[in-house]
$ cat query_33.pdb   # PDB, C-alpha atoms
ATOM      1  CA  MET W   1       0.000   0.000   0.000
ATOM      2  CA  THR W   2       1.047   3.632  -0.352
ATOM      3  CA  HIS W   3       2.837   4.868   2.741
ATOM      4  CA  ARG W   4       1.290   8.022   4.096
ATOM      5  CA  PRO W   5       3.567  10.463   5.941
ATOM      6  CA  ILE W   6       2.827  11.483   9.497
ATOM      7  CA  LEU W   7       0.861  14.721   9.322
ATOM      8  CA  ALA W   8       0.865  17.579  11.794
ATOM      9  CA  VAL W   9      -2.552  18.808  12.901
ATOM     10  CA  ALA W  10      -2.634  21.743  15.258
ATOM     11  CA  ALA W  11      -6.330  22.525  15.497
ATOM     12  CA  ALA W  12      -9.662  20.789  15.300
ATOM     13  CA  GLY W  13     -10.609  22.497  12.072
ATOM     14  CA  ALA W  14      -7.442  21.323  10.377
ATOM     15  CA  ALA W  15      -7.965  17.832  11.699
ATOM     16  CA  VAL W  16     -11.484  17.662  10.292
ATOM     17  CA  ALA W  17     -10.297  18.876   6.903
ATOM     18  CA  LEU W  18      -7.507  16.347   6.883
ATOM     19  CA  LEU W  19      -9.804  13.472   7.698
ATOM     20  CA  ALA W  20     -12.139  14.511   4.945
ATOM     21  CA  ALA W  21      -9.205  14.416   2.547
ATOM     22  CA  CYS W  22      -7.752  11.059   3.544
ATOM     23  CA  GLY W  23     -10.748   9.166   4.850
ATOM     24  CA  GLY W  24     -11.403   7.251   1.652
ATOM     25  CA  GLY W  25     -13.352   4.058   2.139
ATOM     26  CA  GLN W  26     -15.035   5.203   5.355
ATOM     27  CA  VAL W  27     -18.640   5.132   4.237
ATOM     28  CA  GLY W  28     -22.030   5.271   5.855
ATOM     29  CA  GLN W  29     -20.967   7.813   8.497
ATOM     30  CA  THR W  30     -22.701  11.035   9.365
ATOM     31  CA  PRO W  31     -20.444  13.686  10.931
ATOM     32  CA  GLY W  32     -21.313  13.903  14.611
ATOM     33  CA  GLY W  33     -23.673  10.943  14.245
ATOM     34  CA  SER W  34     -24.043   8.250  16.912
ATOM     35  CA  ALA W  35     -23.860   5.233  14.609
ATOM     36  CA  GLY W  36     -20.795   3.044  14.968
ATOM     37  CA  PRO W  37     -18.276   2.235  12.240
ATOM     38  CA  ALA W  38     -19.855   0.894   9.058
ATOM     39  CA  PRO W  39     -20.099  -2.910   8.753
ATOM     40  CA  GLY W  40     -17.026  -4.315   7.053
ATOM     41  CA  ASN W  41     -15.031  -1.173   7.827
ATOM     42  CA  LYS W  42     -11.348  -1.917   7.114
ATOM     43  CA  ASN W  43     -10.000   1.496   8.104
ATOM     44  CA  LEU W  44      -7.547   1.943  10.946
ATOM     45  CA  VAL W  45      -6.082   5.214  12.209
ATOM     46  CA  LEU W  46      -2.767   5.548  14.028
ATOM     47  CA  VAL W  47      -2.308   8.672  16.157
ATOM     48  CA  PRO W  48       1.266   8.690  17.502
ATOM     49  CA  GLY W  49       2.537  11.082  20.151
ATOM     50  CA  VAL W  50       4.302  13.505  17.816
ATOM     51  CA  GLN W  51       5.191  13.905  14.164
ATOM     52  CA  ASN W  52       8.564  13.232  12.548
ATOM     53  CA  GLU W  53      10.125  11.362  15.479
ATOM     54  CA  PRO W  54      12.045   8.217  14.419
ATOM     55  CA  PHE W  55      10.452   6.092  17.139
ATOM     56  CA  TYR W  56       6.952   6.841  15.858
ATOM     57  CA  ILE W  57       8.025   6.650  12.214
ATOM     58  CA  SER W  58       9.364   3.156  12.895
ATOM     59  CA  MET W  59       6.085   2.293  14.619
ATOM     60  CA  GLN W  60       4.145   3.598  11.623
ATOM     61  CA  CYS W  61       6.261   1.484   9.256
ATOM     62  CA  GLY W  62       5.567  -1.685  11.223
ATOM     63  CA  ALA W  63       1.864  -0.887  11.491
ATOM     64  CA  GLN W  64       1.479  -0.071   7.782
ATOM     65  CA  GLN W  65       3.162  -3.277   6.714
ATOM     66  CA  GLU W  66       0.997  -5.407   8.989
ATOM     67  CA  ALA W  67      -2.225  -3.602   8.029
ATOM     68  CA  ALA W  68      -1.539  -4.185   4.326
ATOM     69  CA  LYS W  69      -0.760  -7.828   5.040
ATOM     70  CA  LEU W  70      -4.103  -8.268   6.821
ATOM     71  CA  GLY W  71      -6.128  -6.410   4.182
ATOM     72  CA  TYR W  72      -6.706  -3.217   6.156
ATOM     73  CA  LYS W  73      -5.997   0.441   5.372
ATOM     74  CA  LEU W  74      -4.013   2.548   7.846
ATOM     75  CA  ASP W  75      -3.967   6.344   7.998
ATOM     76  CA  THR W  76      -1.501   8.083  10.317
ATOM     77  CA  GLN W  77      -1.929  11.528  11.864
ATOM     78  CA  ALA W  78       0.117  13.076  14.636
ATOM     79  CA  PRO W  79       0.290  16.353  16.538
ATOM     80  CA  GLN W  80       3.108  18.782  15.882
ATOM     81  CA  LYS W  81       4.208  18.485  19.510
ATOM     82  CA  PHE W  82       3.761  15.888  22.239
ATOM     83  CA  ASP W  83       0.847  17.776  23.713
ATOM     84  CA  ALA W  84      -2.648  16.656  24.697
ATOM     85  CA  SER W  85      -4.134  19.969  23.558
ATOM     86  CA  LEU W  86      -2.900  19.200  20.026
ATOM     87  CA  GLN W  87      -3.702  15.491  20.050
ATOM     88  CA  THR W  88      -7.256  15.911  21.375
ATOM     89  CA  PRO W  89      -8.735  17.626  18.265
ATOM     90  CA  ILE W  90      -7.283  14.889  16.046
ATOM     91  CA  VAL W  91      -9.094  12.238  18.078
ATOM     92  CA  ASN W  92     -12.281  14.293  18.298
ATOM     93  CA  ALA W  93     -12.358  14.718  14.523
ATOM     94  CA  LEU W  94     -12.392  10.951  14.019
ATOM     95  CA  GLY W  95     -16.033  10.960  15.092
ATOM     96  CA  ALA W  96     -16.956  12.354  11.683
ATOM     97  CA  ASN W  97     -15.736   9.290   9.763
ATOM     98  CA  LYS W  98     -15.335   6.586  12.358
ATOM     99  CA  PRO W  99     -12.487   4.132  11.724
ATOM    100  CA  ALA W 100     -12.880   0.534  12.741
ATOM    101  CA  ALA W 101     -10.117   1.036  15.283
ATOM    102  CA  LEU W 102      -7.856   3.732  16.696
ATOM    103  CA  LEU W 103      -4.252   2.968  17.555
ATOM    104  CA  ILE W 104      -3.030   5.785  19.787
ATOM    105  CA  ALA W 105      -0.092   6.823  21.952
ATOM    106  CA  PRO W 106      -1.871   9.048  24.502
ATOM    107  CA  THR W 107       0.160  12.199  25.165
ATOM    108  CA  ASP W 108      -1.260  12.528  28.675
ATOM    109  CA  ASP W 109      -2.382   9.577  30.791
ATOM    110  CA  VAL W 110      -5.350  11.485  32.216
ATOM    111  CA  ALA W 111      -6.249  14.304  29.800
ATOM    112  CA  MET W 112      -6.629  11.994  26.775
ATOM    113  CA  ALA W 113      -9.164   9.757  28.540
ATOM    114  CA  THR W 114     -12.154  11.934  27.591
ATOM    115  CA  PRO W 115     -11.659  12.078  23.796
ATOM    116  CA  MET W 116     -10.647   8.414  23.671
ATOM    117  CA  THR W 117     -13.689   7.368  25.714
ATOM    118  CA  THR W 118     -15.983   9.404  23.475
ATOM    119  CA  LEU W 119     -14.674   7.550  20.439
ATOM    120  CA  LYS W 120     -14.938   4.206  22.218
ATOM    121  CA  ASN W 121     -18.593   4.956  22.989
ATOM    122  CA  MET W 122     -19.140   5.432  19.250
ATOM    123  CA  GLY W 123     -18.074   1.830  18.695
ATOM    124  CA  VAL W 124     -14.452   2.423  17.664
ATOM    125  CA  LYS W 125     -11.998  -0.130  19.062
ATOM    126  CA  ILE W 126      -9.197   1.551  21.037
ATOM    127  CA  ILE W 127      -5.658   0.144  21.099
ATOM    128  CA  GLU W 128      -2.878   1.915  23.035
ATOM    129  CA  VAL W 129       0.612   1.832  21.560
ATOM    130  CA  ASP W 130       3.686   3.041  23.457
ATOM    131  CA  THR W 131       1.853   5.112  26.094
ATOM    132  CA  ALA W 132      -1.287   4.335  28.070
ATOM    133  CA  LEU W 133      -4.033   5.939  30.128
ATOM    134  CA  GLN W 134      -4.304   5.497  33.866
ATOM    135  CA  ASP W 135      -7.892   4.394  33.224
ATOM    136  CA  LYS W 136      -7.537   0.787  32.076
ATOM    137  CA  SER W 137     -11.185   0.505  30.971
ATOM    138  CA  VAL W 138     -10.844   2.572  27.787
ATOM    139  CA  ALA W 139      -8.489   0.542  25.592
ATOM    140  CA  GLN W 140      -8.907  -3.108  24.722
ATOM    141  CA  SER W 141      -5.170  -3.654  24.435
ATOM    142  CA  SER W 142      -1.964  -1.824  25.380
ATOM    143  CA  ILE W 143       1.331  -2.602  23.658
ATOM    144  CA  SER W 144       4.381  -0.978  25.154
ATOM    145  CA  SER W 145       7.898  -1.548  26.288
ATOM    146  CA  ASN W 146       8.091  -2.312  29.994
ATOM    147  CA  ASN W 147       9.354   1.152  30.713
ATOM    148  CA  ALA W 148      10.082   0.585  34.382
ATOM    149  CA  GLU W 149      12.276  -2.346  33.395
ATOM    150  CA  GLY W 150      13.893  -0.136  30.756
ATOM    151  CA  GLY W 151      14.764   2.361  33.473
ATOM    152  CA  LYS W 152      16.252  -0.409  35.587
ATOM    153  CA  LEU W 153      18.272  -1.622  32.620
ATOM    154  CA  ALA W 154      19.572   1.921  32.132
ATOM    155  CA  ALA W 155      20.663   2.145  35.786
ATOM    156  CA  ASP W 156      22.439  -1.208  35.616
ATOM    157  CA  THR W 157      24.104  -0.212  32.351
ATOM    158  CA  LEU W 158      25.282   3.132  33.756
ATOM    159  CA  ALA W 159      26.620   1.455  36.905
ATOM    160  CA  GLY W 160      28.546  -0.986  34.729
ATOM    161  CA  LEU W 161      30.037   1.845  32.695
ATOM    162  CA  LEU W 162      31.148   3.674  35.849
ATOM    163  CA  LYS W 163      32.884   0.558  37.242
ATOM    164  CA  GLY W 164      32.515   1.473  40.891
ATOM    165  CA  GLN W 165      33.220   5.190  40.488
ATOM    166  CA  LYS W 166      31.516   7.298  43.160
ATOM    167  CA  GLY W 167      29.361  10.304  42.376
ATOM    168  CA  SER W 168      25.972  11.799  41.624
ATOM    169  CA  VAL W 169      23.548  11.033  38.800
ATOM    170  CA  LEU W 170      20.942  13.281  37.167
ATOM    171  CA  VAL W 171      17.710  11.994  35.600
ATOM    172  CA  LEU W 172      16.119  14.047  32.823
ATOM    173  CA  ASP W 173      12.438  13.282  32.210
ATOM    174  CA  THR W 174      10.105  14.879  29.674
ATOM    175  CA  ILE W 175       6.672  15.996  30.921
ATOM    176  CA  ALA W 176       4.811  15.032  34.079
ATOM    177  CA  GLY W 177       1.895  12.782  33.103
ATOM    178  CA  THR W 178       3.747  10.994  30.275
ATOM    179  CA  SER W 179       3.323   7.385  31.340
ATOM    180  CA  THR W 180       6.305   5.938  29.479
ATOM    181  CA  THR W 181       9.062   8.353  30.422
ATOM    182  CA  ASN W 182       7.779   8.739  33.988
ATOM    183  CA  ALA W 183       8.009   4.960  34.416
ATOM    184  CA  ARG W 184      11.538   4.955  32.992
ATOM    185  CA  ALA W 185      12.635   7.627  35.452
ATOM    186  CA  LYS W 186      11.112   5.787  38.410
ATOM    187  CA  GLY W 187      12.563   2.433  37.362
ATOM    188  CA  PHE W 188      15.982   4.030  36.998
ATOM    189  CA  THR W 189      15.821   5.796  40.366
ATOM    190  CA  ASP W 190      14.644   2.663  42.162
ATOM    191  CA  GLU W 191      17.405   0.542  40.659
ATOM    192  CA  LEU W 192      20.109   3.144  41.239
ATOM    193  CA  ALA W 193      19.452   2.860  44.992
ATOM    194  CA  LYS W 194      21.051  -0.605  44.806
ATOM    195  CA  TYR W 195      24.424   0.975  44.030
ATOM    196  CA  PRO W 196      25.880   2.606  47.173
ATOM    197  CA  ASN W 197      28.561   4.423  45.170
ATOM    198  CA  LEU W 198      25.935   6.340  43.174
ATOM    199  CA  LYS W 199      23.510   8.981  44.443
ATOM    200  CA  SER W 200      20.545  10.384  42.552
ATOM    201  CA  VAL W 201      20.233  14.171  42.557
ATOM    202  CA  GLY W 202      16.615  13.827  41.486
ATOM    203  CA  VAL W 203      14.453  13.956  38.388
ATOM    204  CA  GLN W 204      14.109  17.151  36.386
ATOM    205  CA  PHE W 205      11.509  17.753  33.667
ATOM    206  CA  THR W 206      12.480  19.259  30.314
ATOM    207  CA  GLN W 207       9.021  19.659  28.693
ATOM    208  CA  ASN W 208      10.478  17.439  25.960
ATOM    209  CA  GLU W 209      12.582  20.367  24.706
ATOM    210  CA  PRO W 210      16.294  19.741  23.935
ATOM    211  CA  ASP W 211      17.304  23.273  24.924
ATOM    212  CA  GLN W 212      15.742  22.817  28.354
ATOM    213  CA  ALA W 213      17.576  19.508  28.764
ATOM    214  CA  ALA W 214      20.854  21.218  27.861
ATOM    215  CA  SER W 215      20.268  23.977  30.421
ATOM    216  CA  LYS W 216      19.367  21.432  33.124
ATOM    217  CA  VAL W 217      22.658  19.640  32.519
ATOM    218  CA  THR W 218      24.583  22.907  32.595
ATOM    219  CA  ALA W 219      22.982  23.827  35.924
ATOM    220  CA  ALA W 220      23.626  20.368  37.373
ATOM    221  CA  LEU W 221      27.293  20.485  36.401
ATOM    222  CA  SER W 222      27.600  23.801  38.227
ATOM    223  CA  SER W 223      25.723  22.752  41.379
ATOM    224  CA  THR W 224      26.961  19.157  41.564
ATOM    225  CA  PRO W 225      30.743  18.939  41.059
ATOM    226  CA  ASP W 226      30.735  15.144  41.520
ATOM    227  CA  LEU W 227      28.206  14.532  38.707
ATOM    228  CA  VAL W 228      29.291  11.312  36.990
ATOM    229  CA  GLY W 229      26.222  10.255  35.038
ATOM    230  CA  VAL W 230      23.066  11.406  33.281
ATOM    231  CA  PHE W 231      20.068   9.303  32.280
ATOM    232  CA  ALA W 232      17.892  10.866  29.565
ATOM    233  CA  THR W 233      14.474   9.275  29.206
ATOM    234  CA  ASN W 234      13.933   9.935  25.486
ATOM    235  CA  LEU W 235      15.431  11.297  22.265
ATOM    236  CA  ASN W 236      14.951  15.017  22.920
ATOM    237  CA  THR W 237      16.275  14.917  26.464
ATOM    238  CA  GLY W 238      19.234  12.817  25.311
ATOM    239  CA  GLU W 239      20.166  15.182  22.490
ATOM    240  CA  GLY W 240      19.826  18.158  24.806
ATOM    241  CA  ALA W 241      21.914  16.461  27.495
ATOM    242  CA  ALA W 242      24.662  15.749  24.949
ATOM    243  CA  THR W 243      24.651  19.417  23.942
ATOM    244  CA  GLY W 244      24.993  20.489  27.559
ATOM    245  CA  LEU W 245      27.889  18.097  28.136
ATOM    246  CA  HIS W 246      29.560  19.255  24.916
ATOM    247  CA  ASN W 247      29.310  22.900  25.934
ATOM    248  CA  ALA W 248      30.940  22.111  29.273
ATOM    249  CA  GLY W 249      33.678  19.903  27.822
ATOM    250  CA  LYS W 250      32.345  16.925  29.771
ATOM    251  CA  ILE W 251      31.590  14.464  26.956
ATOM    252  CA  GLY W 252      32.729  11.025  28.073
ATOM    253  CA  LYS W 253      33.734  12.318  31.500
ATOM    254  CA  VAL W 254      30.089  12.342  32.570
ATOM    255  CA  LYS W 255      28.527   9.142  31.253
ATOM    256  CA  LEU W 256      25.312   9.656  29.273
ATOM    257  CA  VAL W 257      22.775   6.859  28.885
ATOM    258  CA  GLY W 258      19.901   7.651  26.539
ATOM    259  CA  PHE W 259      16.605   5.963  25.736
ATOM    260  CA  ASP W 260      15.716   4.962  22.170
ATOM    261  CA  ALA W 261      17.943   4.479  19.128
ATOM    262  CA  SER W 262      17.107   7.180  16.602
ATOM    263  CA  PRO W 263      19.556   7.861  13.755
ATOM    264  CA  SER W 264      20.963  10.882  15.608
ATOM    265  CA  GLU W 265      21.354   8.905  18.841
ATOM    266  CA  VAL W 266      23.068   6.058  17.013
ATOM    267  CA  ASP W 267      25.444   8.605  15.481
ATOM    268  CA  GLY W 268      25.992   9.997  18.981
ATOM    269  CA  LEU W 269      26.784   6.541  20.318
ATOM    270  CA  LYS W 270      29.303   6.043  17.534
ATOM    271  CA  SER W 271      30.941   9.427  18.158
ATOM    272  CA  GLY W 272      31.043   9.057  21.944
ATOM    273  CA  ASP W 273      28.340  11.584  22.861
ATOM    274  CA  PHE W 274      26.364   8.694  24.373
ATOM    275  CA  GLN W 275      27.946   5.798  26.215
ATOM    276  CA  ALA W 276      24.846   3.602  25.975
ATOM    277  CA  LEU W 277      21.337   3.539  24.546
ATOM    278  CA  ILE W 278      18.302   1.599  25.754
ATOM    279  CA  ALA W 279      16.492   0.674  22.549
ATOM    280  CA  GLN W 280      12.880  -0.342  22.067
ATOM    281  CA  ASP W 281      11.202  -2.166  19.184
ATOM    282  CA  PRO W 282       8.741   0.427  17.807
ATOM    283  CA  ALA W 283       8.108  -1.441  14.547
ATOM    284  CA  GLY W 284       7.126  -4.473  16.597
ATOM    285  CA  ILE W 285       4.812  -2.331  18.729
ATOM    286  CA  GLY W 286       3.113  -1.043  15.559
ATOM    287  CA  LYS W 287       2.731  -4.563  14.190
ATOM    288  CA  GLN W 288       1.278  -5.876  17.440
ATOM    289  CA  GLY W 289      -1.032  -2.876  17.637
ATOM    290  CA  VAL W 290      -2.516  -3.675  14.248
ATOM    291  CA  ASP W 291      -2.816  -7.366  15.145
ATOM    292  CA  GLN W 292      -4.776  -6.526  18.296
ATOM    293  CA  ALA W 293      -6.896  -3.921  16.514
ATOM    294  CA  VAL W 294      -7.873  -6.358  13.785
ATOM    295  CA  ALA W 295      -8.650  -9.044  16.371
ATOM    296  CA  ALA W 296     -10.908  -6.602  18.231
ATOM    297  CA  VAL W 297     -12.673  -5.503  15.040
ATOM    298  CA  GLU W 298     -13.248  -9.096  13.946
ATOM    299  CA  GLY W 299     -14.483 -10.250  17.347
ATOM    300  CA  LYS W 300     -11.482 -12.453  18.078
ATOM    301  CA  PRO W 301      -9.615 -12.724  21.409
ATOM    302  CA  VAL W 302      -7.543  -9.661  22.294
ATOM    303  CA  GLN W 303      -4.538  -9.635  24.619
ATOM    304  CA  ARG W 304      -4.951  -6.839  27.169
ATOM    305  CA  THR W 305      -1.267  -6.131  27.843
ATOM    306  CA  ILE W 306       1.767  -6.889  25.675
ATOM    307  CA  ASP W 307       5.345  -6.061  26.642
ATOM    308  CA  ALA W 308       7.769  -5.253  23.820
ATOM    309  CA  PRO W 309      11.485  -6.081  24.137
ATOM    310  CA  LEU W 310      14.234  -3.718  25.296
ATOM    311  CA  VAL W 311      17.975  -3.957  24.756
ATOM    312  CA  ALA W 312      21.032  -2.046  25.998
ATOM    313  CA  ILE W 313      23.434  -0.981  23.235
ATOM    314  CA  THR W 314      26.983   0.300  23.673
ATOM    315  CA  LYS W 315      29.586   1.316  21.111
ATOM    316  CA  ASP W 316      31.252  -2.079  21.495
ATOM    317  CA  ASP W 317      28.181  -4.109  20.480
ATOM    318  CA  MET W 318      26.217  -1.664  18.304
ATOM    319  CA  ASP W 319      26.999  -3.456  15.024
ATOM    320  CA  SER W 320      25.531  -6.728  16.285
ATOM    321  CA  LYS W 321      22.357  -4.971  17.500
ATOM    322  CA  SER W 322      21.698  -2.802  14.460
ATOM    323  CA  GLN W 323      18.228  -4.358  13.988
ATOM    324  CA  TYR W 324      17.091  -2.138  16.863
ATOM    325  CA  PHE W 325      18.069   1.126  15.183
ATOM    326  CA  TYR W 326      15.074   3.334  14.392
ATOM    327  CA  LYS W 327      14.080   4.577  10.926
ATOM    328  CA  SER W 328      13.621   8.095   9.603
ATOM    329  CA  SER W 329      11.305   6.934   6.796
ATOM    330  CA  CYS W 330       9.435   3.815   5.705
TER     331      CYS W 330
END
$ encode --input "query_33.pdb" --output "structure tokens"
Amino acid sequence: MTHRPILAVAAAGAAVALLAACGGGQVGQTPGGSAGPAPGNKNLVLVPGVQNEPFYISMQCGAQQEAAKLGYKLDTQAPQKFDASLQTPIVNALGANKPAALLIAPTDDVAMATPMTTLKNMGVKIIEVDTALQDKSVAQSSISSNNAEGGKLAADTLAGLLKGQKGSVLVLDTIAGTSTTNARAKGFTDELAKYPNLKSVGVQFTQNEPDQAASKVTAALSSTPDLVGVFATNLNTGEGAATGLHNAGKIGKVKLVGFDASPSEVDGLKSGDFQALIAQDPAGIGKQGVDQAVAAVEGKPVQRTIDAPLVAITKDDMDSKSQYFYKSSC
């Protein structure tokens, strides 16, 4: 099938117009009507957390391939930023031409419950991919990395890199209420407590902005002379942390462990900006999301929770683990 690019939608009006343009095959629906998806509806919609991010592009690639294999059509739309106020109108607009199922990475684990529930009440099957709501009654299935375990893996990896060195460690998270990164930060902090030579100086939020991550690192280097490690919970925080360490001449001296394996992060691992990456399997999450969506649509058994694999990658073993590198296009 033709691969559709991830589209940015910043307002409800734009989202409605976009759906009208790319909602081919969704018939029998009245905008704002209460009827469910049309019988035999083979349309799926993927709403990732943000546009143009390699993790979500890789997820889209896996989902598109599986949807085509199963005889379904997949449209992908994403907000310009990881922001519930931008994701909500995209979901709300789906009520006009109801897909058979929505695959979504909720950008807030509470705020996105209302628009997702509204769509569910219209008969649309809801599948969570990557992130999830606190309310477990909305989605029929959630496919995600075990993010707490990913945080623990990051702590163990950092401790191994430091080889008994004593000092403080900074955790950079994205936005409060982001289920995935918050779980990574907590898993990391909990596991770090097992290493008496390492002390957490706390979790700081960056609003998912690289420049804020860079400034947080700069401030931490100034206030914490014994800083020996930084854990960045996603791509943007990792890139920002690397910038901050570069500016201070601390690359390699302060160990940086990032989450995900985007092309820029892989380049950073190769160059020494990162000492380790904790990679997910976004294409696999997309594939599983489509599998569960199709099962729900066709009345077959659905698995409520699916954990996707995680792997630690260092410069020494990156060539043998290249299958986990994320894509910038399908």
$ residues_around --input "query_33.pdb" --residues "W:Lys321" --least-positions-apart "4" --cutoff "10 Å" --atoms "all atoms listed in the file" --output "list in words"
Ala279, Val311, Ala312, Ile313, Thr314, Asp317 and Phe325 of chain W
$ resolve_selection --input "query_33.pdb" --expression "the PyMOL selection byres ((chain W and resi 94-103) around 6)" --output "VMD selection string"
chain W and resid 29 31 to 32 37 41 43 to 46 91 to 93 104 124 to 128
$ residues_around --input "query_33.pdb" --residues "stretch 172-176 of chain W" --least-positions-apart "2" --cutoff "9 Å" --atoms "all atoms listed in the file" --output "number ranges by chain"
W: 108, 170, 178-179, 181-182, 184-185, 202-209, 213, 216-217, 230-234, 236-238, 241
$ atom_distance --input "query_33.pdb" --atom1 "atom CA of W:Gly229" --atom2 "atom CA of W:Ser168"
6.8 Å
$ closest_residue --input "query_33.pdb" --among "W:Ser215, W:Thr117, W:Ser58, W:Gln288" --to "W:Ala261" --atoms "all atoms listed in the file"
W:Ser58
$ closest_residue --input "query_33.pdb" --among "W:Ala242, W:Ala183, W:Ala63, W:Ala154" --to "W:Gln212" --atoms "all atoms listed in the file"
W:Ala242
$ closest_residue --input "query_33.pdb" --among "W:Ser264, W:Lys42, W:Lys152, W:Met59" --to "W:Asp190" --atoms "only C-alpha atoms"
W:Lys152
$ axis_aligned_box --input "query_33.pdb" --around "stretch 125-138 of chain W" --padding-each-side "4 Å" --output "lines of an AutoDock Vina configuration file"
center_x = -4.2
center_y = 2.9
center_z = 26.5
size_x = 23.7
size_y = 14.1
size_z = 22.8
$ closest_residue --input "query_33.pdb" --among "W:Glu191, W:Glu149, W:Asp316, W:Glu66" --to "W:Ile278" --atoms "all atoms listed in the file"
W:Glu149
$ closest_residue --input "query_33.pdb" --among "W:Gly252, W:Gly177, W:Gly40, W:Gly151" --to "W:Val110" --atoms "all atoms listed in the file"
W:Gly177
$ closest_residue --input "query_33.pdb" --among "W:Lys136, W:Lys315, W:Lys163, W:Lys199" --to "W:Asp267" --atoms "all atoms listed in the file"
W:Lys315
$ residues_near_point --input "query_33.pdb" --point "(-5.1, 14.2, 18.7)" --cutoff "10 Å" --atoms "only C-alpha atoms" --output "ChimeraX atom specification"
/W:8-12,15,47-50,77-80,82-94,104-107,112,115-116
$ atom_distance --input "query_33.pdb" --atom1 "atom CA of W:Asp75" --atom2 "atom CA of W:Ser322"
28.0 Å
$ atom_distance --input "query_33.pdb" --atom1 "atom CA of W:Lys120" --atom2 "atom CA of W:Cys330"
29.4 Å
$ residues_around --input "query_33.pdb" --residues "stretch 298-306 of chain W" --least-positions-apart "3" --cutoff "8 Å" --atoms "only C-alpha atoms" --output "list of chain:residue names"
W:Gln140, W:Ser141, W:Ser142, W:Ile143, W:Ser144, W:Gln292, W:Val294, W:Ala295
$ resolve_selection --input "query_33.pdb" --expression "the PyMOL selection byres ((chain W and resi 256) around 7)" --output "ChimeraX atom specification"
/W:229-231,254-255,257-258,274-276
$ write_last_selection --input "query_33.pdb" --atoms "C-alpha atoms" --output "short mmCIF file (atom, residue, chain, number, x, y, z; two decimals), in the coordinates of the input"
data_model
loop_
_atom_site.label_atom_id
_atom_site.label_comp_id
_atom_site.auth_asym_id
_atom_site.auth_seq_id
_atom_site.Cartn_x
_atom_site.Cartn_y
_atom_site.Cartn_z
CA GLY W 229 26.22 10.26 35.04
CA VAL W 230 23.07 11.41 33.28
CA PHE W 231 20.07 9.30 32.28
CA VAL W 254 30.09 12.34 32.57
CA LYS W 255 28.53 9.14 31.25
CA VAL W 257 22.78 6.86 28.88
CA GLY W 258 19.90 7.65 26.54
CA PHE W 274 26.36 8.69 24.37
CA GLN W 275 27.95 5.80 26.22
CA ALA W 276 24.85 3.60 25.98
#
$ residues_near_point --input "query_33.pdb" --point "(20.5, 5.1, 40.3)" --cutoff "7 Å" --atoms "only C-alpha atoms" --output "MDAnalysis selection string"
chainID W and resid 155 169 188:193 195 198:200
$ residues_around --input "query_33.pdb" --residues "W:Lys327" --least-positions-apart "5" --cutoff "9 Å" --atoms "all atoms listed in the file" --output "JSON, numbers by chain"
{"W": [54, 55, 56, 57, 58, 61, 262, 263]}
